[in-house]
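*Asks:* Before we start, here is the structure in question, set down as C-alpha cells.
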Amino acid sequence: MKITVLDGHAANPGDVSWDLFKQYGNLTIYDRTPQELVIERIGDSEAILLNKIQITKEVIDSCPNLKYIGVLATGYNVVDIDYCRQKNIIVTNIPSYSTDSVAQHVFAFILEFTNLVKIHSDSVKNGDWIHSPDFCYWTNPLSELSNKTIGIYGFGNIGQQVAKIAHAFNMNVIVHVHNNKSYTNNEKVVSLDELFSSSDFVTLHAPLTKETENIINEKTISKFKNSAILINTARGGLVDENAVKNALNSDKLAGYATDVLKSEPMDKNCPLLTAKNCIITPHIAWAPKETRERLLNIAAENLKAFINKTPINVIN
C-alpha cells in the first residue's frame with residue numbers, strides 16, 4: 001500500500017516517530033503541501049494522512065486509487081465527506097486525543113487573566129520590586145476563581161473535562177448542551193441567554209456548524225457582563241472577530257483569549273491583532289508532545305483497522 005502524509009510537520013516536527021506507519025506500506029512524508037501540489041503528491045496513493053489540507057471533489061476525482069483518508073485531528077471539515085461517501089472512500093478522525101491538553105490550555109488562559117503572572121514577572125524584572133517601599137505590590141487587580149461562574153458552550157469530552165477542573169477550583173459551572181443529552185453531573189444546564197448573561201467566564205467547546213458559526217456576535221456579546229472573559233479553544237469561526245474587537249475596545253467585554261482564528265495562519269489584517277485585553281496563541285492547545293504521540297498512535301490504529309477491513313473512528 002502506498003501511504004502519503006501531506007502535512008506532517010504540525011503533528012510531528014521531528015520529536016516523535018512515524019515508524020508505526022511504515023509497517024503498513026510504502027510511506028512518503030511531506031512536512032507541508034501547498035494546495036496546488038496536493039493532487040500531484042497524492043498521485044496513486046491508496047491512503048493519505050493530513051491535517052489541514054483541503055480534499056475536494058476535484059482532488060478525489062484526480063486520485064482514483066484513493067481508498068482511505070486519515071485526518072490527523074478531531075475536526076474534519078477540510079474533507080468533502082459526502083463525496084467520499086459516494087466514492088466509497090473511508091474517512092477517519094482522531095477523537096478525544098487532546099481532551100486533557102485543551103482543557104489545560106483553557107485554564108492557562110483563565111489564570112493569566114486572574115493571576116496576571118506575566119505582567120507581574122515583567123514588572124519585577126523591570127526593577128519595580130527593588131524600588132517598592134512595601135514587601136508586596138500588584139500593578140492590576142487580582143481575583144479568585146472560587147465562587148465565580150464558568151459557562152461552557154458545548155459539553156462534549158473537552159467541555160466535560162473543563163467542568164471537572166472548574167469544580168476543583170470551587171467554581172459554579174453552568175452548561176449549554178446542544179443535543180439534549182442528560183450527561184451532566186454537578187453542572188446546571190441553562191439556556192444560551194442565561195449562559196451568556198450569568199457567566200464570569202464563557203468557554204467555547206462546540207464544533208463549527210451552520211448553527212454555531214458566529215455564535216459570538218454583537219447581539220450575543222450584548223448579553224455578557226462587562227466584566228466577563230471569553231475563551232475560545234474550539235474554532236475561530238464561532239466568533240465574529242470584529243464584534244469581539246469592538247467589545248474589547250469599548251470595555252463591553254473584559255477580555256478574550258483564543259487559540260484559534262477564522263484564518264490560520266493569522267492574516268495581517270486580523271482585527272484581534274490590535275484589540276486590547278486580547279490573548280492569542282497560535283493553535284497550540286493540542287500540541288504537547290504527549291498529546292501528539294497519542295494522536296499518531298490512534299492514527300496508526302485507524303489505518304491498521306482499515307487494512308484489516310474493520311475500520312474504526314469512521315466519520316462517513
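By order of appearance in the C-alpha cells: chains A, B, ..., then residues from 1 within every chain, and ligands from 1 in the order shown.
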Counting only C-alpha atoms, which residues of region 20-61 of chain A sit at most 8 Å from some atom of region 73-96 of chain A, and what is each one's closest atom pair with its distance in Å to one decimal, listed by chain and rising residue number, as a tab-separated table?
*Replies:*
residue	atom	partner	partner_atom	distance
A:Asn51	CA	A:Ala73	CA	6.1
A:Lys52	CA	A:Val78	CA	6.3
A:Ile53	CA	A:Val78	CA	6.4
A:Gln54	CA	A:Val78	CA	4.8
A:Ile55	CA	A:Val79	CA	4.7
A:Thr56	CA	A:Asp80	CA	5.5
A:Lys57	CA	A:Tyr83	CA	6.5
A:Ile60	CA	A:Cys84	CA	7.7
*Asks:* Output all heavy atoms for every residue in the selection just made, as a PDB file, in the first residue's frame.
*Replies:*
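Wrote out_10.pdb, looks like this:
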ATOM      1  N   ASN A  51      -3.794  16.961   7.908  1.00  0.00           N
ATOM      2  CA  ASN A  51      -4.374  17.744   8.994  1.00  0.00           C
ATOM      3  C   ASN A  51      -5.262  18.850   8.435  1.00  0.00           C
ATOM      4  O   ASN A  51      -6.462  18.823   8.609  1.00  0.00           O
ATOM      5  CB  ASN A  51      -3.256  18.331   9.872  1.00  0.00           C
ATOM      6  CG  ASN A  51      -3.769  18.869  11.191  1.00  0.00           C
ATOM      7  OD1 ASN A  51      -4.800  19.519  11.244  1.00  0.00           O
ATOM      8  ND2 ASN A  51      -3.040  18.591  12.265  1.00  0.00           N
ATOM      9  N   LYS A  52      -4.666  19.808   7.723  1.00  0.00           N
ATOM     10  CA  LYS A  52      -5.427  20.968   7.248  1.00  0.00           C
ATOM     11  C   LYS A  52      -5.510  21.066   5.731  1.00  0.00           C
ATOM     12  O   LYS A  52      -5.971  22.074   5.196  1.00  0.00           O
ATOM     13  CB  LYS A  52      -4.806  22.261   7.793  1.00  0.00           C
ATOM     14  CG  LYS A  52      -4.838  22.391   9.307  1.00  0.00           C
ATOM     15  CD  LYS A  52      -6.252  22.389   9.843  1.00  0.00           C
ATOM     16  CE  LYS A  52      -6.255  22.557  11.359  1.00  0.00           C
ATOM     17  NZ  LYS A  52      -7.605  22.408  11.935  1.00  0.00           N
ATOM     18  N   ILE A  53      -5.083  20.045   5.013  1.00  0.00           N
ATOM     19  CA  ILE A  53      -5.143  20.073   3.540  1.00  0.00           C
ATOM     20  C   ILE A  53      -6.587  19.871   3.078  1.00  0.00           C
ATOM     21  O   ILE A  53      -7.292  18.985   3.563  1.00  0.00           O
ATOM     22  CB  ILE A  53      -4.246  18.964   2.947  1.00  0.00           C
ATOM     23  CG1 ILE A  53      -2.791  19.153   3.388  1.00  0.00           C
ATOM     24  CG2 ILE A  53      -4.361  18.939   1.437  1.00  0.00           C
ATOM     25  CD1 ILE A  53      -2.138  20.417   2.880  1.00  0.00           C
ATOM     26  N   GLN A  54      -7.016  20.676   2.098  1.00  0.00           N
ATOM     27  CA  GLN A  54      -8.364  20.559   1.560  1.00  0.00           C
ATOM     28  C   GLN A  54      -8.437  19.386   0.582  1.00  0.00           C
ATOM     29  O   GLN A  54      -7.709  19.356  -0.409  1.00  0.00           O
ATOM     30  CB  GLN A  54      -8.742  21.852   0.836  1.00  0.00           C
ATOM     31  CG  GLN A  54      -8.807  23.080   1.734  1.00  0.00           C
ATOM     32  CD  GLN A  54     -10.050  23.123   2.588  1.00  0.00           C
ATOM     33  OE1 GLN A  54     -11.092  22.579   2.222  1.00  0.00           O
ATOM     34  NE2 GLN A  54      -9.945  23.764   3.739  1.00  0.00           N
ATOM     35  N   ILE A  55      -9.318  18.421   0.892  1.00  0.00           N
ATOM     36  CA  ILE A  55      -9.546  17.295  -0.015  1.00  0.00           C
ATOM     37  C   ILE A  55     -10.923  17.498  -0.639  1.00  0.00           C
ATOM     38  O   ILE A  55     -11.962  17.183  -0.047  1.00  0.00           O
ATOM     39  CB  ILE A  55      -9.445  15.945   0.720  1.00  0.00           C
ATOM     40  CG1 ILE A  55      -8.076  15.818   1.402  1.00  0.00           C
ATOM     41  CG2 ILE A  55      -9.669  14.802  -0.266  1.00  0.00           C
ATOM     42  CD1 ILE A  55      -6.883  15.873   0.459  1.00  0.00           C
ATOM     43  N   THR A  56     -10.910  18.038  -1.832  1.00  0.00           N
ATOM     44  CA  THR A  56     -12.134  18.428  -2.528  1.00  0.00           C
ATOM     45  C   THR A  56     -12.559  17.349  -3.526  1.00  0.00           C
ATOM     46  O   THR A  56     -11.854  16.368  -3.760  1.00  0.00           O
ATOM     47  CB  THR A  56     -11.893  19.737  -3.289  1.00  0.00           C
ATOM     48  OG1 THR A  56     -10.866  19.504  -4.273  1.00  0.00           O
ATOM     49  CG2 THR A  56     -11.418  20.839  -2.346  1.00  0.00           C
ATOM     50  N   LYS A  57     -13.712  17.588  -4.146  1.00  0.00           N
ATOM     51  CA  LYS A  57     -14.200  16.693  -5.200  1.00  0.00           C
ATOM     52  C   LYS A  57     -13.164  16.598  -6.319  1.00  0.00           C
ATOM     53  O   LYS A  57     -12.903  15.508  -6.847  1.00  0.00           O
ATOM     54  CB  LYS A  57     -15.530  17.203  -5.746  1.00  0.00           C
ATOM     55  CG  LYS A  57     -16.149  16.336  -6.835  1.00  0.00           C
ATOM     56  CD  LYS A  57     -17.499  16.923  -7.255  1.00  0.00           C
ATOM     57  CE  LYS A  57     -18.182  16.038  -8.294  1.00  0.00           C
ATOM     58  NZ  LYS A  57     -17.454  16.000  -9.574  1.00  0.00           N
ATOM     59  N   ILE A  60     -10.327  14.315  -5.249  1.00  0.00           N
ATOM     60  CA  ILE A  60     -10.773  12.920  -5.198  1.00  0.00           C
ATOM     61  C   ILE A  60     -10.890  12.340  -6.609  1.00  0.00           C
ATOM     62  O   ILE A  60     -10.438  11.218  -6.884  1.00  0.00           O
ATOM     63  CB  ILE A  60     -12.112  12.823  -4.442  1.00  0.00           C
ATOM     64  CG1 ILE A  60     -11.901  13.186  -2.961  1.00  0.00           C
ATOM     65  CG2 ILE A  60     -12.712  11.420  -4.562  1.00  0.00           C
ATOM     66  CD1 ILE A  60     -13.179  13.446  -2.203  1.00  0.00           C
TER      67      ILE A  60
END
*Asks:* Just the helix (DSSP H, G or I) stuff from region 129-296 of chain A, please, per backbone DSSP, written as a PDB file with N, CA, C and O atoms, in the first residue's frame.
*Replies:*
ATOM      1  N   ASN A 157     -16.446  15.895  25.244  1.00  0.00           N
ATOM      2  CA  ASN A 157     -15.357  15.429  26.108  1.00  0.00           C
ATOM      3  C   ASN A 157     -14.553  16.571  26.711  1.00  0.00           C
ATOM      4  O   ASN A 157     -14.234  16.571  27.906  1.00  0.00           O
ATOM      5  N   ILE A 158     -14.212  17.562  25.879  1.00  0.00           N
ATOM      6  CA  ILE A 158     -13.395  18.665  26.380  1.00  0.00           C
ATOM      7  C   ILE A 158     -14.195  19.529  27.346  1.00  0.00           C
ATOM      8  O   ILE A 158     -13.707  19.902  28.426  1.00  0.00           O
ATOM      9  N   GLY A 159     -15.423  19.841  26.991  1.00  0.00           N
ATOM     10  CA  GLY A 159     -16.261  20.630  27.894  1.00  0.00           C
ATOM     11  C   GLY A 159     -16.431  19.962  29.246  1.00  0.00           C
ATOM     12  O   GLY A 159     -16.396  20.626  30.297  1.00  0.00           O
ATOM     13  N   GLN A 160     -16.594  18.650  29.235  1.00  0.00           N
ATOM     14  CA  GLN A 160     -16.754  17.929  30.494  1.00  0.00           C
ATOM     15  C   GLN A 160     -15.464  17.949  31.326  1.00  0.00           C
ATOM     16  O   GLN A 160     -15.503  18.051  32.550  1.00  0.00           O
ATOM     17  N   GLN A 161     -14.305  17.875  30.645  1.00  0.00           N
ATOM     18  CA  GLN A 161     -13.037  17.940  31.373  1.00  0.00           C
ATOM     19  C   GLN A 161     -12.818  19.337  31.958  1.00  0.00           C
ATOM     20  O   GLN A 161     -12.316  19.474  33.076  1.00  0.00           O
ATOM     21  N   VAL A 162     -13.200  20.366  31.220  1.00  0.00           N
ATOM     22  CA  VAL A 162     -13.124  21.724  31.747  1.00  0.00           C
ATOM     23  C   VAL A 162     -13.988  21.850  32.998  1.00  0.00           C
ATOM     24  O   VAL A 162     -13.588  22.473  33.994  1.00  0.00           O
ATOM     25  N   ALA A 163     -15.162  21.242  32.968  1.00  0.00           N
ATOM     26  CA  ALA A 163     -16.052  21.292  34.138  1.00  0.00           C
ATOM     27  C   ALA A 163     -15.399  20.647  35.354  1.00  0.00           C
ATOM     28  O   ALA A 163     -15.493  21.165  36.480  1.00  0.00           O
ATOM     29  N   LYS A 164     -14.732  19.510  35.162  1.00  0.00           N
ATOM     30  CA  LYS A 164     -14.064  18.836  36.284  1.00  0.00           C
ATOM     31  C   LYS A 164     -13.014  19.745  36.920  1.00  0.00           C
ATOM     32  O   LYS A 164     -12.908  19.834  38.148  1.00  0.00           O
ATOM     33  N   ILE A 165     -12.218  20.399  36.079  1.00  0.00           N
ATOM     34  CA  ILE A 165     -11.184  21.292  36.599  1.00  0.00           C
ATOM     35  C   ILE A 165     -11.829  22.484  37.301  1.00  0.00           C
ATOM     36  O   ILE A 165     -11.381  22.925  38.372  1.00  0.00           O
ATOM     37  N   ALA A 166     -12.898  23.012  36.717  1.00  0.00           N
ATOM     38  CA  ALA A 166     -13.585  24.153  37.322  1.00  0.00           C
ATOM     39  C   ALA A 166     -14.115  23.807  38.705  1.00  0.00           C
ATOM     40  O   ALA A 166     -14.029  24.614  39.643  1.00  0.00           O
ATOM     41  N   HIS A 167     -14.664  22.606  38.852  1.00  0.00           N
ATOM     42  CA  HIS A 167     -15.152  22.183  40.172  1.00  0.00           C
ATOM     43  C   HIS A 167     -14.007  22.139  41.183  1.00  0.00           C
ATOM     44  O   HIS A 167     -14.187  22.473  42.361  1.00  0.00           O
ATOM     45  N   ALA A 168     -12.820  21.732  40.734  1.00  0.00           N
ATOM     46  CA  ALA A 168     -11.665  21.685  41.633  1.00  0.00           C
ATOM     47  C   ALA A 168     -11.288  23.088  42.116  1.00  0.00           C
ATOM     48  O   ALA A 168     -10.740  23.237  43.211  1.00  0.00           O
ATOM     49  N   LEU A 192     -29.083  29.424  26.315  1.00  0.00           N
ATOM     50  CA  LEU A 192     -27.950  30.170  25.798  1.00  0.00           C
ATOM     51  C   LEU A 192     -27.917  31.580  26.380  1.00  0.00           C
ATOM     52  O   LEU A 192     -26.851  32.091  26.755  1.00  0.00           O
ATOM     53  N   ASP A 193     -29.089  32.205  26.485  1.00  0.00           N
ATOM     54  CA  ASP A 193     -29.148  33.556  27.046  1.00  0.00           C
ATOM     55  C   ASP A 193     -28.639  33.574  28.479  1.00  0.00           C
ATOM     56  O   ASP A 193     -27.889  34.478  28.875  1.00  0.00           O
ATOM     57  N   GLU A 194     -29.033  32.593  29.266  1.00  0.00           N
ATOM     58  CA  GLU A 194     -28.586  32.553  30.660  1.00  0.00           C
ATOM     59  C   GLU A 194     -27.100  32.266  30.758  1.00  0.00           C
ATOM     60  O   GLU A 194     -26.402  32.822  31.603  1.00  0.00           O
ATOM     61  N   LEU A 195     -26.608  31.388  29.872  1.00  0.00           N
ATOM     62  CA  LEU A 195     -25.177  31.087  29.878  1.00  0.00           C
ATOM     63  C   LEU A 195     -24.374  32.371  29.666  1.00  0.00           C
ATOM     64  O   LEU A 195     -23.419  32.657  30.397  1.00  0.00           O
ATOM     65  N   PHE A 196     -24.776  33.157  28.670  1.00  0.00           N
ATOM     66  CA  PHE A 196     -24.034  34.369  28.347  1.00  0.00           C
ATOM     67  C   PHE A 196     -24.189  35.445  29.427  1.00  0.00           C
ATOM     68  O   PHE A 196     -23.235  36.151  29.747  1.00  0.00           O
ATOM     69  N   SER A 197     -25.376  35.584  29.983  1.00  0.00           N
ATOM     70  CA  SER A 197     -25.634  36.690  30.910  1.00  0.00           C
ATOM     71  C   SER A 197     -25.167  36.411  32.334  1.00  0.00           C
ATOM     72  O   SER A 197     -24.902  37.357  33.082  1.00  0.00           O
ATOM     73  N   SER A 198     -25.011  35.128  32.701  1.00  0.00           N
ATOM     74  CA  SER A 198     -24.699  34.787  34.091  1.00  0.00           C
ATOM     75  C   SER A 198     -23.232  34.466  34.332  1.00  0.00           C
ATOM     76  O   SER A 198     -22.804  34.366  35.485  1.00  0.00           O
ATOM     77  N   GLU A 218     -22.231  40.583  17.879  1.00  0.00           N
ATOM     78  CA  GLU A 218     -22.584  41.814  18.596  1.00  0.00           C
ATOM     79  C   GLU A 218     -23.811  41.619  19.479  1.00  0.00           C
ATOM     80  O   GLU A 218     -23.846  42.080  20.636  1.00  0.00           O
ATOM     81  N   LYS A 219     -24.814  40.908  18.973  1.00  0.00           N
ATOM     82  CA  LYS A 219     -26.042  40.712  19.735  1.00  0.00           C
ATOM     83  C   LYS A 219     -25.806  39.845  20.961  1.00  0.00           C
ATOM     84  O   LYS A 219     -26.278  40.172  22.068  1.00  0.00           O
ATOM     85  N   THR A 220     -25.089  38.724  20.786  1.00  0.00           N
ATOM     86  CA  THR A 220     -24.885  37.837  21.940  1.00  0.00           C
ATOM     87  C   THR A 220     -23.910  38.452  22.941  1.00  0.00           C
ATOM     88  O   THR A 220     -24.078  38.282  24.161  1.00  0.00           O
ATOM     89  N   ILE A 221     -22.920  39.196  22.469  1.00  0.00           N
ATOM     90  CA  ILE A 221     -21.992  39.855  23.391  1.00  0.00           C
ATOM     91  C   ILE A 221     -22.723  40.876  24.260  1.00  0.00           C
ATOM     92  O   ILE A 221     -22.365  41.093  25.426  1.00  0.00           O
ATOM     93  N   GLY A 236     -12.157  29.120  15.281  1.00  0.00           N
ATOM     94  CA  GLY A 236     -12.202  30.560  15.111  1.00  0.00           C
ATOM     95  C   GLY A 236     -13.531  31.048  14.562  1.00  0.00           C
ATOM     96  O   GLY A 236     -13.980  32.150  14.884  1.00  0.00           O
ATOM     97  N   GLY A 237     -14.176  30.220  13.743  1.00  0.00           N
ATOM     98  CA  GLY A 237     -15.427  30.611  13.113  1.00  0.00           C
ATOM     99  C   GLY A 237     -16.607  30.728  14.056  1.00  0.00           C
ATOM    100  O   GLY A 237     -17.675  31.204  13.662  1.00  0.00           O
ATOM    101  N   LEU A 238     -16.455  30.321  15.311  1.00  0.00           N
ATOM    102  CA  LEU A 238     -17.530  30.501  16.289  1.00  0.00           C
ATOM    103  C   LEU A 238     -17.702  31.968  16.671  1.00  0.00           C
ATOM    104  O   LEU A 238     -18.720  32.343  17.257  1.00  0.00           O
ATOM    105  N   GLU A 241     -14.983  38.124  14.803  1.00  0.00           N
ATOM    106  CA  GLU A 241     -13.784  38.744  15.356  1.00  0.00           C
ATOM    107  C   GLU A 241     -13.887  40.271  15.427  1.00  0.00           C
ATOM    108  O   GLU A 241     -13.354  40.892  16.355  1.00  0.00           O
ATOM    109  N   ASN A 242     -14.566  40.879  14.484  1.00  0.00           N
ATOM    110  CA  ASN A 242     -14.761  42.330  14.539  1.00  0.00           C
ATOM    111  C   ASN A 242     -15.639  42.725  15.718  1.00  0.00           C
ATOM    112  O   ASN A 242     -15.365  43.719  16.404  1.00  0.00           O
ATOM    113  N   ALA A 243     -16.680  41.937  15.964  1.00  0.00           N
ATOM    114  CA  ALA A 243     -17.560  42.224  17.095  1.00  0.00           C
ATOM    115  C   ALA A 243     -16.811  42.093  18.420  1.00  0.00           C
ATOM    116  O   ALA A 243     -16.999  42.896  19.340  1.00  0.00           O
ATOM    117  N   VAL A 244     -15.950  41.089  18.520  1.00  0.00           N
ATOM    118  CA  VAL A 244     -15.167  40.905  19.741  1.00  0.00           C
ATOM    119  C   VAL A 244     -14.182  42.061  19.917  1.00  0.00           C
ATOM    120  O   VAL A 244     -14.026  42.601  21.024  1.00  0.00           O
ATOM    121  N   LYS A 245     -13.512  42.442  18.853  1.00  0.00           N
ATOM    122  CA  LYS A 245     -12.589  43.577  18.947  1.00  0.00           C
ATOM    123  C   LYS A 245     -13.311  44.827  19.443  1.00  0.00           C
ATOM    124  O   LYS A 245     -12.830  45.529  20.348  1.00  0.00           O
ATOM    125  N   ASN A 246     -14.460  45.125  18.855  1.00  0.00           N
ATOM    126  CA  ASN A 246     -15.209  46.318  19.253  1.00  0.00           C
ATOM    127  C   ASN A 246     -15.644  46.234  20.716  1.00  0.00           C
ATOM    128  O   ASN A 246     -15.601  47.240  21.441  1.00  0.00           O
ATOM    129  N   ALA A 247     -16.045  45.044  21.140  1.00  0.00           N
ATOM    130  CA  ALA A 247     -16.468  44.873  22.534  1.00  0.00           C
ATOM    131  C   ALA A 247     -15.299  45.052  23.493  1.00  0.00           C
ATOM    132  O   ALA A 247     -15.441  45.660  24.564  1.00  0.00           O
ATOM    133  N   LEU A 248     -14.131  44.539  23.131  1.00  0.00           N
ATOM    134  CA  LEU A 248     -12.950  44.705  23.971  1.00  0.00           C
ATOM    135  C   LEU A 248     -12.538  46.175  24.047  1.00  0.00           C
ATOM    136  O   LEU A 248     -12.258  46.701  25.135  1.00  0.00           O
ATOM    137  N   ASN A 249     -12.506  46.833  22.915  1.00  0.00           N
ATOM    138  CA  ASN A 249     -12.021  48.216  22.877  1.00  0.00           C
ATOM    139  C   ASN A 249     -12.999  49.201  23.509  1.00  0.00           C
ATOM    140  O   ASN A 249     -12.599  50.305  23.900  1.00  0.00           O
ATOM    141  N   PRO A 271      -8.573  41.491  12.893  1.00  0.00           N
ATOM    142  CA  PRO A 271      -8.961  42.582  13.808  1.00  0.00           C
ATOM    143  C   PRO A 271      -8.492  42.367  15.243  1.00  0.00           C
ATOM    144  O   PRO A 271      -8.319  43.335  15.989  1.00  0.00           O
ATOM    145  N   LEU A 272      -8.275  41.125  15.638  1.00  0.00           N
ATOM    146  CA  LEU A 272      -7.884  40.849  17.018  1.00  0.00           C
ATOM    147  C   LEU A 272      -6.433  41.225  17.309  1.00  0.00           C
ATOM    148  O   LEU A 272      -6.047  41.353  18.473  1.00  0.00           O
ATOM    149  N   LEU A 273      -5.643  41.405  16.275  1.00  0.00           N
ATOM    150  CA  LEU A 273      -4.224  41.682  16.460  1.00  0.00           C
ATOM    151  C   LEU A 273      -3.996  42.973  17.241  1.00  0.00           C
ATOM    152  O   LEU A 273      -3.024  43.090  17.996  1.00  0.00           O
ATOM    153  N   THR A 274      -4.896  43.924  17.084  1.00  0.00           N
ATOM    154  CA  THR A 274      -4.738  45.217  17.757  1.00  0.00           C
ATOM    155  C   THR A 274      -5.776  45.437  18.853  1.00  0.00           C
ATOM    156  O   THR A 274      -5.869  46.541  19.403  1.00  0.00           O
ATOM    157  N   LYS A 289       3.771  17.318  23.514  1.00  0.00           N
ATOM    158  CA  LYS A 289       4.346  16.118  22.900  1.00  0.00           C
ATOM    159  C   LYS A 289       3.527  14.880  23.225  1.00  0.00           C
ATOM    160  O   LYS A 289       3.262  14.035  22.356  1.00  0.00           O
ATOM    161  N   GLU A 290       3.099  14.764  24.489  1.00  0.00           N
ATOM    162  CA  GLU A 290       2.320  13.583  24.879  1.00  0.00           C
ATOM    163  C   GLU A 290       1.024  13.490  24.076  1.00  0.00           C
ATOM    164  O   GLU A 290       0.582  12.398  23.703  1.00  0.00           O
ATOM    165  N   THR A 291       0.430  14.640  23.810  1.00  0.00           N
ATOM    166  CA  THR A 291      -0.823  14.678  23.057  1.00  0.00           C
ATOM    167  C   THR A 291      -0.612  14.245  21.612  1.00  0.00           C
ATOM    168  O   THR A 291      -1.400  13.471  21.052  1.00  0.00           O
ATOM    169  N   ARG A 292       0.467  14.729  21.006  1.00  0.00           N
ATOM    170  CA  ARG A 292       0.746  14.371  19.611  1.00  0.00           C
ATOM    171  C   ARG A 292       1.167  12.907  19.471  1.00  0.00           C
ATOM    172  O   ARG A 292       0.858  12.255  18.459  1.00  0.00           O
ATOM    173  N   GLU A 293       1.859  12.374  20.451  1.00  0.00           N
ATOM    174  CA  GLU A 293       2.173  10.937  20.440  1.00  0.00           C
ATOM    175  C   GLU A 293       0.889  10.113  20.481  1.00  0.00           C
ATOM    176  O   GLU A 293       0.744   9.117  19.761  1.00  0.00           O
ATOM    177  N   ARG A 294      -0.059  10.556  21.303  1.00  0.00           N
ATOM    178  CA  ARG A 294      -1.353   9.868  21.389  1.00  0.00           C
ATOM    179  C   ARG A 294      -2.076   9.949  20.049  1.00  0.00           C
ATOM    180  O   ARG A 294      -2.657   8.962  19.577  1.00  0.00           O
ATOM    181  N   LEU A 295      -2.028  11.114  19.421  1.00  0.00           N
ATOM    182  CA  LEU A 295      -2.666  11.303  18.121  1.00  0.00           C
ATOM    183  C   LEU A 295      -2.118  10.320  17.091  1.00  0.00           C
ATOM    184  O   LEU A 295      -2.882   9.641  16.384  1.00  0.00           O
ATOM    185  N   LEU A 296      -0.793  10.218  16.986  1.00  0.00           N
ATOM    186  CA  LEU A 296      -0.202   9.336  15.980  1.00  0.00           C
ATOM    187  C   LEU A 296      -0.470   7.871  16.291  1.00  0.00           C
ATOM    188  O   LEU A 296      -0.653   7.062  15.372  1.00  0.00           O
TER     189      LEU A 296
END
*Asks:* So, with only C-alpha atoms as the atoms that count, which of A:Thr203, A:Ser121, A:Asn297, A:Asn12 lies closest to Ile152 (chain A)?
*Replies:*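 Nearest to Ile152 (chain A): A:Thr203.
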*Asks:* With the cut-off set at 12 Å and counting only C-alpha atoms, tabulate each residue of region 49-162 of chain A with an atom at most that distance from an atom of region 259-263 of chain A, showing the nearest atom pair and its distance in Å to one decimal, ordered by chain and increasing number, as a Markdown table.
*Replies:*
| residue | atom | partner | partner_atom | distance |
| --- | --- | --- | --- | --- |
| A:Lys52 | CA | A:Ser263 | CA | 11.9 |
| A:Val102 | CA | A:Asp259 | CA | 9.6 |
| A:Ala103 | CA | A:Asp259 | CA | 11.9 |
| A:His105 | CA | A:Asp259 | CA | 8.7 |
| A:Val106 | CA | A:Asp259 | CA | 9.2 |
| A:Ala108 | CA | A:Asp259 | CA | 11.2 |
| A:Phe109 | CA | A:Asp259 | CA | 9.4 |
*Asks:* Give me the residues near Glu46 (chain A) as a CSV table (one decimal) with N, CA, C and O atoms, in the first residue's frame, where near means some atom within 10 Å (using only C-alpha atoms) and where sequence neighbours in that chain fewer than 2 positions away do not count.
*Replies:*
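Contents of the output file result09.csv:
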chain,number,residue,atom,x,y,z
A,1,MET,N,0.8,-1.2,0.0
A,1,MET,CA,0.0,0.0,0.0
A,1,MET,C,0.9,1.3,0.0
A,1,MET,O,1.9,1.3,0.7
A,2,LYS,N,0.5,2.2,-0.8
A,2,LYS,CA,1.2,3.5,-0.9
A,2,LYS,C,0.5,4.5,0.1
A,2,LYS,O,-0.7,4.8,-0.1
A,3,ILE,N,1.3,5.0,1.0
A,3,ILE,CA,0.7,5.9,2.1
A,3,ILE,C,1.4,7.2,2.0
A,3,ILE,O,2.7,7.2,2.0
A,4,THR,N,0.7,8.3,1.9
A,4,THR,CA,1.3,9.6,1.8
A,4,THR,C,0.8,10.5,2.9
A,4,THR,O,-0.4,10.7,3.1
A,25,GLY,N,3.0,-0.1,4.8
A,25,GLY,CA,3.2,0.1,3.3
A,25,GLY,C,4.3,1.1,3.1
A,25,GLY,O,5.1,1.3,3.9
A,42,ILE,N,-0.4,13.3,-3.9
A,42,ILE,CA,-1.2,12.1,-3.6
A,42,ILE,C,-0.9,11.0,-4.7
A,42,ILE,O,-0.7,9.8,-4.4
A,43,GLY,N,-0.9,11.4,-6.0
A,43,GLY,CA,-0.6,10.5,-7.1
A,43,GLY,C,-1.5,9.3,-7.0
A,43,GLY,O,-2.7,9.4,-7.0
A,44,ASP,N,-0.8,8.1,-7.0
A,44,ASP,CA,-1.6,6.9,-7.0
A,44,ASP,C,-1.7,6.3,-5.6
A,44,ASP,O,-1.9,5.1,-5.4
A,48,ILE,N,-4.0,8.3,2.5
A,48,ILE,CA,-3.4,9.6,2.8
A,48,ILE,C,-3.7,10.0,4.2
A,48,ILE,O,-4.7,9.7,4.8
A,63,CYS,N,-7.5,11.4,-8.2
A,63,CYS,CA,-6.7,10.4,-7.5
A,63,CYS,C,-7.6,9.1,-7.3
A,63,CYS,O,-8.0,8.8,-6.3
A,64,PRO,N,-7.7,8.4,-8.4
A,64,PRO,CA,-8.7,7.2,-8.5
A,64,PRO,C,-8.3,6.1,-7.6
A,64,PRO,O,-9.1,5.2,-7.2
A,65,ASN,N,-7.0,6.0,-7.2
A,65,ASN,CA,-6.6,4.9,-6.3
A,65,ASN,C,-6.9,5.1,-4.8
A,65,ASN,O,-6.8,4.2,-4.0
A,66,LEU,N,-7.3,6.3,-4.5
A,66,LEU,CA,-7.5,6.7,-3.1
A,66,LEU,C,-8.7,5.9,-2.5
A,66,LEU,O,-9.8,5.9,-3.0
A,67,LYS,N,-8.4,5.3,-1.4
A,67,LYS,CA,-9.4,4.5,-0.7
A,67,LYS,C,-9.5,4.9,0.8
A,67,LYS,O,-10.5,4.5,1.4
A,68,TYR,N,-8.6,5.6,1.3
A,68,TYR,CA,-8.6,5.9,2.7
A,68,TYR,C,-8.0,7.3,3.0
A,68,TYR,O,-6.9,7.6,2.5
A,69,ILE,N,-8.7,8.1,3.8
A,69,ILE,CA,-8.2,9.4,4.2
A,69,ILE,C,-8.2,9.4,5.8
A,69,ILE,O,-9.3,9.3,6.4
A,89,ILE,N,-14.8,6.0,-0.2
A,89,ILE,CA,-13.6,6.3,0.4
A,89,ILE,C,-13.8,6.4,1.9
A,89,ILE,O,-14.6,7.3,2.4
*Asks:* Measuring atom to atom with only C-alpha atoms, identify which of A:Ser101, A:Thr28, A:Thr114, A:Asn308 is nearest to Thr233 (chain A).
*Replies:*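 Counting only C-alpha atoms, the residue closest to Thr233 (chain A) is A:Ser101.
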*Asks:* Write out as a list in words which residues come within 10 Å of Glu213 (chain A) when counting only C-alpha atoms, dropping same-chain ones fewer than 4 positions away.
*Replies:*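 Residues near the query, excluding close chain neighbours: Ala206, Pro207, Leu208, Thr209, Asn217, Arg235, Gly236, Gly237, Leu238, Val239 and Asp240 of chain A.
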*Asks:* Looking at only C-alpha atoms, which of A:Ala254, A:Val59, A:Val117, A:Leu6 is the one that sits closest to Ile231 (chain A)?
*Replies:*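 Checking each of A:Ala254, A:Val59, A:Val117, A:Leu6 against Ile231 (chain A), counting only C-alpha atoms, the winner is A:Ala254.
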